[in-house]
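Below is one structure, written out as structure tokens; comments come after it.
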Amino acid sequence: MSSLRIKLRKTQTTLPVEKLTNEVTRLLVQSENLEKAPPTIAKMTQLISIEFQTPELNEFPEDLSNLDNLEVLKLKGQRTAIEKIKKTSSSIKTLFLVGMNLETFPNWILEMHELETLDLSKNHLTEIPKELSQLKKLNRINIDSNKLEKLPECFLEMPQLNHLSMDNNCFSVEEKANIQRKLGLWF
């Protein structure tokens, strides 16, 4: 089991691919200028955790389905980084897609049946699909700082939910009262 933390200098724009070996179980990449995650990541089958703190990230491997051990995926970057993702590992329990300028909900999330924690904060989402309630293990959701105007009805069908954060959205006073009445949440 080995962790690999790569912090690139401002002048560096590529990852040292030779360090991305199959022995790595936890990968953290920090960079101001990295735009592309190498496809090698999708072949690192021992990965348990992937975290990219890279605001300029705009390309990520589209197929992560071979990463059977992957439990944590945290990405911070541009929306285009995840638009091409078609398949993810079914073992992911924690997913953070924070500050990625998402305007629509990534539907591939609905196939993540082991998902327990979902953070979609600091995006531009206007709605959450009702099908999210089908993720029976999902018990923590953060959708702070989006553009939601109405309570996503799926939350009413999720008795397993023990943490829901929805601050800094576009809820009217009436909708806040509705949320407080239906879910017992206060703003």
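In the structure tokens, chains take letters A, B, ... by order of appearance, with residues numbered from 1 within each chain and ligands from 1 in the order shown.
Shell of A:Thr54 at 9 Å, with only C-alpha atoms counted and residues fewer than 5 places along the chain excluded, is Val29, Gln30, Ser31, Glu32, Asn33, Leu34, Glu35, Leu75, Lys76, Gly77 and Gln78 of chain A.
For stretch 127-140 of chain A, the residues within 8 Å (counting only C-alpha atoms, excluding itself and residues fewer than 6 positions away along the chain) are A:Thr104, A:Phe105, A:Leu110, A:Met112, A:His113, A:Glu114, A:Leu115, A:Glu116, A:Thr117, A:Leu118, A:Leu148, A:Lys150, A:Pro152, A:Glu153, A:Cys154, A:Phe155, A:Glu157, A:Met158, A:Gln160, A:Leu161, A:Asn162, A:His163, A:Leu164.
Those residues that approach stretch 84-93 of chain A to within 8 Å, counting only C-alpha atoms, are Glu59, Phe60, Pro61, Glu62, Asp63, Leu64, Ser65, Asn66, Leu67, Asp68, Asn69, Leu70, Glu71, Val72, Leu73, Thr80, Trp108, Glu111, Met112, His113, Glu114, Leu115, Glu116 and Thr117 of chain A; same-chain residues fewer than 4 positions away are not listed.
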How would the residues just picked look written out with N, CA and C atoms as an mmCIF file, in the first residue's frame?
data_model
loop_
_atom_site.group_PDB
_atom_site.id
_atom_site.type_symbol
_atom_site.label_atom_id
_atom_site.label_comp_id
_atom_site.auth_asym_id
_atom_site.auth_seq_id
_atom_site.Cartn_x
_atom_site.Cartn_y
_atom_site.Cartn_z
ATOM 1 N N GLU A 59 -9.360 17.362 -18.837
ATOM 2 C CA GLU A 59 -9.421 16.044 -19.478
ATOM 3 C C GLU A 59 -9.071 14.968 -18.466
ATOM 4 N N PHE A 60 -9.938 13.958 -18.402
ATOM 5 C CA PHE A 60 -9.784 12.856 -17.459
ATOM 6 C C PHE A 60 -10.124 11.567 -18.195
ATOM 7 N N PRO A 61 -9.516 10.437 -17.828
ATOM 8 C CA PRO A 61 -9.839 9.182 -18.523
ATOM 9 C C PRO A 61 -11.343 8.905 -18.524
ATOM 10 N N GLU A 62 -11.864 8.462 -19.662
ATOM 11 C CA GLU A 62 -13.309 8.275 -19.781
ATOM 12 C C GLU A 62 -13.812 6.947 -19.230
ATOM 13 N N ASP A 63 -12.929 5.989 -19.013
ATOM 14 C CA ASP A 63 -13.357 4.687 -18.512
ATOM 15 C C ASP A 63 -12.553 4.319 -17.270
ATOM 16 N N LEU A 64 -13.231 4.353 -16.135
ATOM 17 C CA LEU A 64 -12.593 3.986 -14.867
ATOM 18 C C LEU A 64 -13.128 2.658 -14.351
ATOM 19 N N SER A 65 -13.807 1.909 -15.189
ATOM 20 C CA SER A 65 -14.483 0.692 -14.742
ATOM 21 C C SER A 65 -13.526 -0.427 -14.331
ATOM 22 N N ASN A 66 -12.262 -0.362 -14.720
ATOM 23 C CA ASN A 66 -11.292 -1.393 -14.313
ATOM 24 C C ASN A 66 -10.749 -1.177 -12.906
ATOM 25 N N LEU A 67 -11.072 -0.064 -12.308
ATOM 26 C CA LEU A 67 -10.539 0.254 -10.978
ATOM 27 C C LEU A 67 -11.474 -0.305 -9.907
ATOM 28 N N ASP A 68 -11.438 -1.609 -9.750
ATOM 29 C CA ASP A 68 -12.363 -2.303 -8.855
ATOM 30 C C ASP A 68 -12.191 -1.940 -7.379
ATOM 31 N N ASN A 69 -11.028 -1.424 -6.995
ATOM 32 C CA ASN A 69 -10.775 -1.064 -5.598
ATOM 33 C C ASN A 69 -11.069 0.395 -5.297
ATOM 34 N N LEU A 70 -11.368 1.178 -6.313
ATOM 35 C CA LEU A 70 -11.542 2.610 -6.137
ATOM 36 C C LEU A 70 -12.770 2.920 -5.288
ATOM 37 N N GLU A 71 -12.537 3.600 -4.172
ATOM 38 C CA GLU A 71 -13.625 3.976 -3.268
ATOM 39 C C GLU A 71 -13.841 5.479 -3.204
ATOM 40 N N VAL A 72 -12.792 6.264 -3.500
ATOM 41 C CA VAL A 72 -12.870 7.716 -3.374
ATOM 42 C C VAL A 72 -12.395 8.374 -4.664
ATOM 43 N N LEU A 73 -13.243 9.251 -5.213
ATOM 44 C CA LEU A 73 -12.876 10.039 -6.388
ATOM 45 C C LEU A 73 -13.223 11.491 -6.088
ATOM 46 N N THR A 80 -15.392 20.130 -18.361
ATOM 47 C CA THR A 80 -15.005 19.245 -19.463
ATOM 48 C C THR A 80 -14.217 18.037 -18.978
ATOM 49 N N TRP A 108 -24.063 9.444 -15.030
ATOM 50 C CA TRP A 108 -23.317 8.236 -14.669
ATOM 51 C C TRP A 108 -23.242 8.059 -13.151
ATOM 52 N N GLU A 111 -25.441 5.323 -11.577
ATOM 53 C CA GLU A 111 -25.038 3.918 -11.671
ATOM 54 C C GLU A 111 -24.089 3.513 -10.544
ATOM 55 N N MET A 112 -23.833 4.417 -9.629
ATOM 56 C CA MET A 112 -22.865 4.167 -8.553
ATOM 57 C C MET A 112 -23.610 3.667 -7.305
ATOM 58 N N HIS A 113 -23.964 2.408 -7.301
ATOM 59 C CA HIS A 113 -24.830 1.854 -6.262
ATOM 60 C C HIS A 113 -24.168 1.698 -4.891
ATOM 61 N N GLU A 114 -22.866 1.836 -4.816
ATOM 62 C CA GLU A 114 -22.164 1.784 -3.527
ATOM 63 C C GLU A 114 -21.924 3.175 -2.948
ATOM 64 N N LEU A 115 -22.346 4.210 -3.668
ATOM 65 C CA LEU A 115 -22.083 5.586 -3.274
ATOM 66 C C LEU A 115 -22.734 5.914 -1.931
ATOM 67 N N GLU A 116 -21.917 6.459 -1.016
ATOM 68 C CA GLU A 116 -22.392 6.862 0.314
ATOM 69 C C GLU A 116 -22.339 8.373 0.500
ATOM 70 N N THR A 117 -21.337 9.025 -0.096
ATOM 71 C CA THR A 117 -21.140 10.467 0.071
ATOM 72 C C THR A 117 -21.018 11.117 -1.302
#
Checklist entry - Where does DSSP see strand (DSSP E) in chain A, if you list the residues as a count of residues only? => result 36
Item to check | Sel. of alpha helix (DSSP H) residues, chain A, as a ChimeraX atom specification | outcome: /A:80-83,173-183
Go ahead and save the residues from that selection, with N, CA, C and O atoms, as a PDB file, in the first residue's frame.
ATOM      1  N   THR A  80     -15.392  20.130 -18.361  1.00  0.00           N
ATOM      2  CA  THR A  80     -15.005  19.245 -19.463  1.00  0.00           C
ATOM      3  C   THR A  80     -14.217  18.037 -18.978  1.00  0.00           C
ATOM      4  O   THR A  80     -14.158  17.029 -19.667  1.00  0.00           O
ATOM      5  N   ALA A  81     -13.631  18.112 -17.795  1.00  0.00           N
ATOM      6  CA  ALA A  81     -12.857  16.989 -17.263  1.00  0.00           C
ATOM      7  C   ALA A  81     -13.734  15.765 -17.049  1.00  0.00           C
ATOM      8  O   ALA A  81     -13.279  14.632 -17.185  1.00  0.00           O
ATOM      9  N   ILE A  82     -14.998  15.963 -16.706  1.00  0.00           N
ATOM     10  CA  ILE A  82     -15.856  14.804 -16.433  1.00  0.00           C
ATOM     11  C   ILE A  82     -16.913  14.565 -17.491  1.00  0.00           C
ATOM     12  O   ILE A  82     -17.598  13.554 -17.463  1.00  0.00           O
ATOM     13  N   GLU A  83     -17.064  15.462 -18.437  1.00  0.00           N
ATOM     14  CA  GLU A  83     -18.086  15.280 -19.462  1.00  0.00           C
ATOM     15  C   GLU A  83     -17.850  14.039 -20.311  1.00  0.00           C
ATOM     16  O   GLU A  83     -18.779  13.458 -20.842  1.00  0.00           O
ATOM     17  N   VAL A 173     -38.130  32.508  -0.123  1.00  0.00           N
ATOM     18  CA  VAL A 173     -38.539  32.421   1.285  1.00  0.00           C
ATOM     19  C   VAL A 173     -39.588  31.325   1.444  1.00  0.00           C
ATOM     20  O   VAL A 173     -39.539  30.538   2.389  1.00  0.00           O
ATOM     21  N   GLU A 174     -40.514  31.255   0.489  1.00  0.00           N
ATOM     22  CA  GLU A 174     -41.570  30.244   0.537  1.00  0.00           C
ATOM     23  C   GLU A 174     -40.985  28.839   0.404  1.00  0.00           C
ATOM     24  O   GLU A 174     -41.403  27.913   1.103  1.00  0.00           O
ATOM     25  N   GLU A 175     -40.014  28.681  -0.496  1.00  0.00           N
ATOM     26  CA  GLU A 175     -39.413  27.355  -0.686  1.00  0.00           C
ATOM     27  C   GLU A 175     -38.602  26.952   0.536  1.00  0.00           C
ATOM     28  O   GLU A 175     -38.587  25.783   0.921  1.00  0.00           O
ATOM     29  N   LYS A 176     -37.944  27.900   1.168  1.00  0.00           N
ATOM     30  CA  LYS A 176     -37.212  27.583   2.408  1.00  0.00           C
ATOM     31  C   LYS A 176     -38.180  27.084   3.479  1.00  0.00           C
ATOM     32  O   LYS A 176     -37.883  26.132   4.197  1.00  0.00           O
ATOM     33  N   ALA A 177     -39.353  27.722   3.563  1.00  0.00           N
ATOM     34  CA  ALA A 177     -40.376  27.283   4.528  1.00  0.00           C
ATOM     35  C   ALA A 177     -40.852  25.879   4.177  1.00  0.00           C
ATOM     36  O   ALA A 177     -41.061  25.041   5.060  1.00  0.00           O
ATOM     37  N   ASN A 178     -41.014  25.586   2.877  1.00  0.00           N
ATOM     38  CA  ASN A 178     -41.409  24.264   2.403  1.00  0.00           C
ATOM     39  C   ASN A 178     -40.359  23.215   2.797  1.00  0.00           C
ATOM     40  O   ASN A 178     -40.692  22.130   3.286  1.00  0.00           O
ATOM     41  N   ILE A 179     -39.105  23.534   2.605  1.00  0.00           N
ATOM     42  CA  ILE A 179     -38.013  22.626   2.953  1.00  0.00           C
ATOM     43  C   ILE A 179     -37.989  22.384   4.462  1.00  0.00           C
ATOM     44  O   ILE A 179     -37.846  21.246   4.919  1.00  0.00           O
ATOM     45  N   GLN A 180     -38.154  23.438   5.220  1.00  0.00           N
ATOM     46  CA  GLN A 180     -38.162  23.303   6.679  1.00  0.00           C
ATOM     47  C   GLN A 180     -39.321  22.418   7.136  1.00  0.00           C
ATOM     48  O   GLN A 180     -39.156  21.573   8.019  1.00  0.00           O
ATOM     49  N   ARG A 181     -40.466  22.579   6.498  1.00  0.00           N
ATOM     50  CA  ARG A 181     -41.642  21.780   6.872  1.00  0.00           C
ATOM     51  C   ARG A 181     -41.470  20.319   6.482  1.00  0.00           C
ATOM     52  O   ARG A 181     -41.721  19.417   7.259  1.00  0.00           O
ATOM     53  N   LYS A 182     -40.994  20.048   5.264  1.00  0.00           N
ATOM     54  CA  LYS A 182     -40.896  18.689   4.769  1.00  0.00           C
ATOM     55  C   LYS A 182     -39.708  17.915   5.318  1.00  0.00           C
ATOM     56  O   LYS A 182     -39.793  16.707   5.535  1.00  0.00           O
ATOM     57  N   LEU A 183     -38.568  18.593   5.471  1.00  0.00           N
ATOM     58  CA  LEU A 183     -37.351  17.887   5.875  1.00  0.00           C
ATOM     59  C   LEU A 183     -36.856  18.257   7.271  1.00  0.00           C
ATOM     60  O   LEU A 183     -35.934  17.627   7.783  1.00  0.00           O
TER      61      LEU A 183
END
Next on the checklist: Report as a list in words all protein, DNA and RNA residues lying within 7 Å of A:Ser121, evaluated on only C-alpha atoms, omitting residues in the same chain fewer than 3 positions from it.
Outcome noted: Val98, Gly99, Asn142, Ile143, Asp144, Ser145 and Asn146 of chain A
Export, as a PDB file, in the first residue's frame, the selected residues with N, CA, C and O atoms.
ATOM      1  N   VAL A  98     -16.427  19.142  -7.023  1.00  0.00           N
ATOM      2  CA  VAL A  98     -16.607  20.467  -6.432  1.00  0.00           C
ATOM      3  C   VAL A  98     -16.053  21.552  -7.347  1.00  0.00           C
ATOM      4  O   VAL A  98     -14.948  21.425  -7.867  1.00  0.00           O
ATOM      5  N   GLY A  99     -16.840  22.615  -7.527  1.00  0.00           N
ATOM      6  CA  GLY A  99     -16.387  23.769  -8.281  1.00  0.00           C
ATOM      7  C   GLY A  99     -16.033  23.471  -9.718  1.00  0.00           C
ATOM      8  O   GLY A  99     -15.083  24.031 -10.262  1.00  0.00           O
ATOM      9  N   ASN A 142     -23.917  17.001  -0.279  1.00  0.00           N
ATOM     10  CA  ASN A 142     -23.642  18.425  -0.191  1.00  0.00           C
ATOM     11  C   ASN A 142     -23.899  19.031  -1.559  1.00  0.00           C
ATOM     12  O   ASN A 142     -23.222  18.683  -2.521  1.00  0.00           O
ATOM     13  N   ILE A 143     -24.895  19.898  -1.635  1.00  0.00           N
ATOM     14  CA  ILE A 143     -25.182  20.622  -2.874  1.00  0.00           C
ATOM     15  C   ILE A 143     -25.197  22.123  -2.595  1.00  0.00           C
ATOM     16  O   ILE A 143     -25.936  22.887  -3.227  1.00  0.00           O
ATOM     17  N   ASP A 144     -24.358  22.563  -1.656  1.00  0.00           N
ATOM     18  CA  ASP A 144     -24.216  23.993  -1.363  1.00  0.00           C
ATOM     19  C   ASP A 144     -23.790  24.748  -2.613  1.00  0.00           C
ATOM     20  O   ASP A 144     -23.102  24.199  -3.486  1.00  0.00           O
ATOM     21  N   SER A 145     -24.163  26.009  -2.670  1.00  0.00           N
ATOM     22  CA  SER A 145     -23.679  26.944  -3.695  1.00  0.00           C
ATOM     23  C   SER A 145     -23.927  26.444  -5.118  1.00  0.00           C
ATOM     24  O   SER A 145     -23.016  26.356  -5.932  1.00  0.00           O
ATOM     25  N   ASN A 146     -25.180  26.115  -5.384  1.00  0.00           N
ATOM     26  CA  ASN A 146     -25.633  25.797  -6.729  1.00  0.00           C
ATOM     27  C   ASN A 146     -26.733  26.793  -7.091  1.00  0.00           C
ATOM     28  O   ASN A 146     -26.808  27.864  -6.478  1.00  0.00           O
TER      29      ASN A 146
END
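Proximity to A:Asn101 was assessed for A:Ser2, A:Gln12, A:Asn168, A:Asn123 counting only C-alpha atoms; the smallest distance is recorded for A:Asn123.
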Checklist entry - Which residue gives the smallest distance to A:Lys10 among A:Glu56, A:Cys170, A:Ile109, A:Ile141, with only C-alpha atoms counted? => result A:Glu56
Checklist outcome for this item: Atom pair atom CA of A:Phe96 + atom CA of A:Thr40, distance 21.0 Å
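Going from atom CA of A:Met166 to atom CA of A:Ile50 covers 25.3 Å.
Our summary of the geometry notes that atom CA of A:Ile41 is positioned 20.0 Å from atom CA of A:Met100.
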